[in-house]
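*Asks:* This is the structure I have questions about; it appears just below.
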Amino acid sequence: MKKLYGYPESLCRVQTKYCGGCGHGVIHRMIAHLIDSMGLRDRTVITNPVGCAIWADLYFNFDSVQPPHGRTPAAATGVKRVLPDHLVICYQGDGDLAAIGAAEMLHAANRGERFTTIFVNNAIYGMTGGQMAPTTLLGQKASTAPYGRDPGQAGMGYPIRVCELLACLDGTRYIARGAVNNAANVRKTQGYIKKAFEAQMAGIGFTMVEILSPCPTNWSMDPKQSVEWLEDNMIPAFPLGEIKNTLETDAVRTAAAIPGGKTSGFDAA
Ligand SMILES: Cc1ncc(C[n+]2csc(CCOP(=O)(O)OP(=O)(O)O)c2C)c(N)n1
Ligand code: SF4
Ligand SMILES: [Mg+2]
């Protein structure tokens with residue numbers, strides 16, 4: 001009998017601390033499944049964020065590093081440079097990546113560092129109780145924006161579209177945005193992550209997959225409402241799809257530069 005679904009070896013068999021309906025758990029599973037299928041569990045290092053995913057080292061069954069808040073791209077840079085044959089994953093929330101760690105991410109991407117960022121955008125600071133993040137939508141309420149985000153209010157500004165921002169940097173090679181609102185999008189997002197991981201292992205430069213993810217607790221919704229809110233509000237503001245993809249050209253260039261090098265297929269899903 002063909003086994004269609006199983007518990008990934010790259011996930012520990014423990015109960016998570018994530019709230020019901022949180023997207024982090026689904027995203028962990030996608031990553032774990034891909035690492036198993038690529039046979040990379042012994043050659044993977046993840047740099048965990050400060051945020052709700054700070055506990056990721058309890059859940060992933062491979063090596064991890066815990067840098068301070070927002071400093072994961074700097075740590076991932078060091079790990080990847082020392083261990084170039086490893087898969088290095090820089091896991092970040094929107095507060096971690098786009099607020100306190102914005103400079104680290106921008107410069108790591110611009111330098112074309114060869115790790116893969118998994119950017120979990122839930123439009124809020126989840127761990128600390130729902131403060132406004134750089135990705136909070138216009139009009140969206142947060143504990144620090146109780147009347148909704150208003151660009152006319154001092155200091156609030158506009159939601160940052162991180163993929164589009166990083167796509168214009170010459171150091172970036174593959175930038176995509178997915179979501180975990182339904183099975184079809186989970187599958188599509190897993191395809192994006194697969195492409196990014198394969199590109200990294202082929203030695204091609206900076207790759208990132210942003211994932212729109214519900215935070216029912218801080219959005220004050222139940223899990224079903226939070227998925228609907230994500231579909232009605234987040235997806236229009238942060239369009240899904242591949243934002244930048246130079247992999248085919250880069251694969252040819254990389255293969256040409258390595259004696260006996262081969263191009264690798266970047267088929268999604
Ligand atoms: C230097 C520093 N400043 C602030 C904090 C408090 N802090 C912890 S997590 C966090 C934001 C997390 O939000 P996000 O990155 O979006 O992750 P989420 O919990 O939403 O997944 C903040 C501000 C901290 N731990 N360290
Ligand atoms: S607070 Fe939000 S991001 Fe954190 S575990 Fe709960 S649902 Fe997930
Ligand atoms: Mg967040």
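Naming scheme: A, B, ... for chains in displayed order of the structure tokens; residues 1 onward per chain; ligands 1 onward as shown.
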Residues within 9 Å of ligand 1 should be enumerated using only C-alpha atoms and all ligand atoms and returned as a PDB file with N, CA and C atoms, in the first residue's frame.
*Replies:*
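Final output, saved to out_15.pdb:
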```
ATOM      1  N   HIS A  24       1.628  29.147  12.105  1.00  0.00           N
ATOM      2  CA  HIS A  24       3.019  28.693  12.284  1.00  0.00           C
ATOM      3  C   HIS A  24       3.141  27.163  12.205  1.00  0.00           C
ATOM      4  N   PRO A  49      13.336  32.935  15.052  1.00  0.00           N
ATOM      5  CA  PRO A  49      13.116  34.344  15.380  1.00  0.00           C
ATOM      6  C   PRO A  49      12.809  34.525  16.859  1.00  0.00           C
ATOM      7  N   VAL A  50      12.700  35.783  17.266  1.00  0.00           N
ATOM      8  CA  VAL A  50      12.025  36.074  18.529  1.00  0.00           C
ATOM      9  C   VAL A  50      10.616  36.493  18.132  1.00  0.00           C
ATOM     10  N   GLY A  51       9.648  35.794  18.657  1.00  0.00           N
ATOM     11  CA  GLY A  51       8.250  35.911  18.258  1.00  0.00           C
ATOM     12  C   GLY A  51       7.625  34.594  18.660  1.00  0.00           C
ATOM     13  N   CYS A  52       6.403  34.336  18.228  1.00  0.00           N
ATOM     14  CA  CYS A  52       5.771  33.078  18.650  1.00  0.00           C
ATOM     15  C   CYS A  52       6.566  31.855  18.214  1.00  0.00           C
ATOM     16  N   ALA A  53       7.330  31.961  17.111  1.00  0.00           N
ATOM     17  CA  ALA A  53       8.111  30.811  16.638  1.00  0.00           C
ATOM     18  C   ALA A  53       9.447  30.668  17.362  1.00  0.00           C
ATOM     19  N   ILE A  54       9.614  31.388  18.452  1.00  0.00           N
ATOM     20  CA  ILE A  54      10.852  31.239  19.244  1.00  0.00           C
ATOM     21  C   ILE A  54      10.979  29.800  19.758  1.00  0.00           C
ATOM     22  N   PRO A  68      19.250  36.967  18.804  1.00  0.00           N
ATOM     23  CA  PRO A  68      18.348  37.971  19.384  1.00  0.00           C
ATOM     24  C   PRO A  68      17.325  38.468  18.343  1.00  0.00           C
ATOM     25  N   HIS A  69      16.339  39.183  18.838  1.00  0.00           N
ATOM     26  CA  HIS A  69      15.216  39.654  18.012  1.00  0.00           C
ATOM     27  C   HIS A  69      15.698  40.389  16.749  1.00  0.00           C
ATOM     28  N   GLY A  70      15.309  39.892  15.584  1.00  0.00           N
ATOM     29  CA  GLY A  70      15.622  40.550  14.314  1.00  0.00           C
ATOM     30  C   GLY A  70      16.987  40.245  13.747  1.00  0.00           C
ATOM     31  N   GLN A  92      11.415  34.023  10.111  1.00  0.00           N
ATOM     32  CA  GLN A  92      11.134  35.314  10.758  1.00  0.00           C
ATOM     33  C   GLN A  92       9.653  35.681  10.690  1.00  0.00           C
ATOM     34  N   GLY A  93       9.192  36.347  11.744  1.00  0.00           N
ATOM     35  CA  GLY A  93       7.868  36.959  11.731  1.00  0.00           C
ATOM     36  C   GLY A  93       7.965  38.368  11.157  1.00  0.00           C
ATOM     37  N   ASP A  94       6.819  39.019  11.025  1.00  0.00           N
ATOM     38  CA  ASP A  94       6.821  40.352  10.401  1.00  0.00           C
ATOM     39  C   ASP A  94       7.414  41.425  11.320  1.00  0.00           C
ATOM     40  N   GLY A  95       7.236  41.271  12.633  1.00  0.00           N
ATOM     41  CA  GLY A  95       7.890  42.204  13.543  1.00  0.00           C
ATOM     42  C   GLY A  95       9.396  41.981  13.521  1.00  0.00           C
ATOM     43  N   ASP A  96       9.785  40.713  13.576  1.00  0.00           N
ATOM     44  CA  ASP A  96      11.200  40.340  13.593  1.00  0.00           C
ATOM     45  C   ASP A  96      11.912  40.796  12.315  1.00  0.00           C
ATOM     46  N   LEU A  97      11.275  40.560  11.162  1.00  0.00           N
ATOM     47  CA  LEU A  97      11.931  40.866   9.884  1.00  0.00           C
ATOM     48  C   LEU A  97      11.787  42.326   9.465  1.00  0.00           C
ATOM     49  N   ALA A  98      10.544  42.840   9.546  1.00  0.00           N
ATOM     50  CA  ALA A  98      10.291  44.138   8.903  1.00  0.00           C
ATOM     51  C   ALA A  98      10.389  45.321   9.854  1.00  0.00           C
ATOM     52  N   ALA A  99      10.486  45.045  11.177  1.00  0.00           N
ATOM     53  CA  ALA A  99      10.633  46.153  12.130  1.00  0.00           C
ATOM     54  C   ALA A  99      12.058  46.127  12.685  1.00  0.00           C
ATOM     55  N   ILE A 100      12.256  45.439  13.807  1.00  0.00           N
ATOM     56  CA  ILE A 100      13.561  45.523  14.480  1.00  0.00           C
ATOM     57  C   ILE A 100      14.704  44.974  13.619  1.00  0.00           C
ATOM     58  N   VAL A 120       7.003  34.830   7.912  1.00  0.00           N
ATOM     59  CA  VAL A 120       5.617  34.574   8.309  1.00  0.00           C
ATOM     60  C   VAL A 120       4.935  35.902   8.642  1.00  0.00           C
ATOM     61  N   ASN A 121       4.076  36.327   7.715  1.00  0.00           N
ATOM     62  CA  ASN A 121       3.399  37.624   7.852  1.00  0.00           C
ATOM     63  C   ASN A 121       1.984  37.414   8.389  1.00  0.00           C
ATOM     64  N   ASN A 122       1.798  37.743   9.678  1.00  0.00           N
ATOM     65  CA  ASN A 122       0.444  37.689  10.246  1.00  0.00           C
ATOM     66  C   ASN A 122      -0.046  39.095  10.616  1.00  0.00           C
ATOM     67  N   ALA A 123       0.625  40.102  10.061  1.00  0.00           N
ATOM     68  CA  ALA A 123       0.170  41.500  10.143  1.00  0.00           C
ATOM     69  C   ALA A 123       0.064  42.024  11.581  1.00  0.00           C
ATOM     70  N   ILE A 124       0.839  41.421  12.496  1.00  0.00           N
ATOM     71  CA  ILE A 124       0.721  41.817  13.916  1.00  0.00           C
ATOM     72  C   ILE A 124       1.929  41.287  14.695  1.00  0.00           C
ATOM     73  N   TYR A 125       2.224  41.890  15.821  1.00  0.00           N
ATOM     74  CA  TYR A 125       3.175  41.272  16.749  1.00  0.00           C
ATOM     75  C   TYR A 125       2.372  40.252  17.547  1.00  0.00           C
ATOM     76  N   GLY A 126       2.550  38.974  17.238  1.00  0.00           N
ATOM     77  CA  GLY A 126       1.753  37.948  17.902  1.00  0.00           C
ATOM     78  C   GLY A 126       2.185  37.713  19.344  1.00  0.00           C
ATOM     79  N   MET A 127       3.467  37.433  19.521  1.00  0.00           N
ATOM     80  CA  MET A 127       3.945  36.971  20.829  1.00  0.00           C
ATOM     81  C   MET A 127       3.707  37.981  21.951  1.00  0.00           C
ATOM     82  N   THR A 128       3.835  39.258  21.617  1.00  0.00           N
ATOM     83  CA  THR A 128       3.802  40.272  22.677  1.00  0.00           C
ATOM     84  C   THR A 128       2.417  40.876  22.902  1.00  0.00           C
ATOM     85  N   GLY A 129       1.404  40.367  22.193  1.00  0.00           N
ATOM     86  CA  GLY A 129       0.047  40.780  22.518  1.00  0.00           C
ATOM     87  C   GLY A 129      -0.624  41.719  21.535  1.00  0.00           C
ATOM     88  N   GLY A 130      -0.211  41.669  20.252  1.00  0.00           N
ATOM     89  CA  GLY A 130      -1.012  42.337  19.222  1.00  0.00           C
ATOM     90  C   GLY A 130      -0.689  43.797  18.954  1.00  0.00           C
ATOM     91  N   GLN A 131       0.600  44.180  19.108  1.00  0.00           N
ATOM     92  CA  GLN A 131       0.964  45.544  18.716  1.00  0.00           C
ATOM     93  C   GLN A 131       1.017  45.657  17.192  1.00  0.00           C
ATOM     94  N   ALA A 133       2.356  46.044  13.570  1.00  0.00           N
ATOM     95  CA  ALA A 133       3.593  45.658  12.889  1.00  0.00           C
ATOM     96  C   ALA A 133       3.730  46.511  11.621  1.00  0.00           C
ATOM     97  N   PRO A 134       4.906  46.480  10.966  1.00  0.00           N
ATOM     98  CA  PRO A 134       5.030  47.226   9.710  1.00  0.00           C
ATOM     99  C   PRO A 134       4.072  46.727   8.638  1.00  0.00           C
ATOM    100  N   THR A 135       3.583  45.502   8.779  1.00  0.00           N
ATOM    101  CA  THR A 135       2.676  44.906   7.796  1.00  0.00           C
ATOM    102  C   THR A 135       1.198  45.031   8.188  1.00  0.00           C
ATOM    103  N   CYS A 215      -3.455  34.873  12.702  1.00  0.00           N
ATOM    104  CA  CYS A 215      -3.192  34.972  14.145  1.00  0.00           C
ATOM    105  C   CYS A 215      -4.537  35.239  14.817  1.00  0.00           C
ATOM    106  N   ASN A 218      -4.672  37.352  18.305  1.00  0.00           N
ATOM    107  CA  ASN A 218      -4.494  38.805  18.338  1.00  0.00           C
ATOM    108  C   ASN A 218      -5.371  39.547  17.336  1.00  0.00           C
TER     109      ASN A 218
END
```
*Asks:* Give the strand (DSSP E) residues of segment 179-230 of chain A, as assigned by DSSP on the backbone, as a list in words.
*Replies:*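 Filtering segment 179-230 of chain A to strand (DSSP E) leaves Ala179, Phe206, Thr207, Met208, Val209, Glu210, Ile211 and Leu212 of chain A.
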*Asks:* DSSP on the backbone: which residues in segment 20-151 of chain A end up as helix (DSSP H, G or I)? Give the answer as a PyMOL selection string.
*Replies:* chain A and resi 23-38+41-43+52-59+72-82+94-100+102-110
*Asks:* Do you know which residues are at most 12 Å from segment 34-44 of chain A counting only C-alpha atoms, after dropping those on the same chain fewer than 2 positions away, and could you put them as a ChimeraX atom specification?
*Replies:* /A:6-11,27-32,46-47,60-65,76,79-80,83-90,115-116,187,189-198,200-201,268-269
*Asks:* Would you please work out which residue, of A:Gly205, A:Gly25, A:Gly155, A:Gly78, is nearest to Glu113 of chain A when using only C-alpha atoms?
*Replies:* A:Gly205
*Asks:* List the spatial neighbours of Lys141 of chain A as a ChimeraX atom specification - criterion: any atom at most 9 Å away, only C-alpha atoms, same-chain residues fewer than 4 positions off excluded.
*Replies:* /A:130-132,136-137,145-149,219
*Asks:* Identify which of the residues A:Ser226, A:Ala179, A:Ala184, A:Ala202 lies closest to Phe238 of chain A, counting only C-alpha atoms when measuring atom-to-atom distances.
*Replies:* A:Ala179
*Asks:* Using atom CA of Leu4 of chain A and atom CA of Ala183 of chain A as the two end points, give the distance in Å to one decimal.
*Replies:*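 Separation of atom CA of Leu4 of chain A and atom CA of Ala183 of chain A: 15.2 Å.
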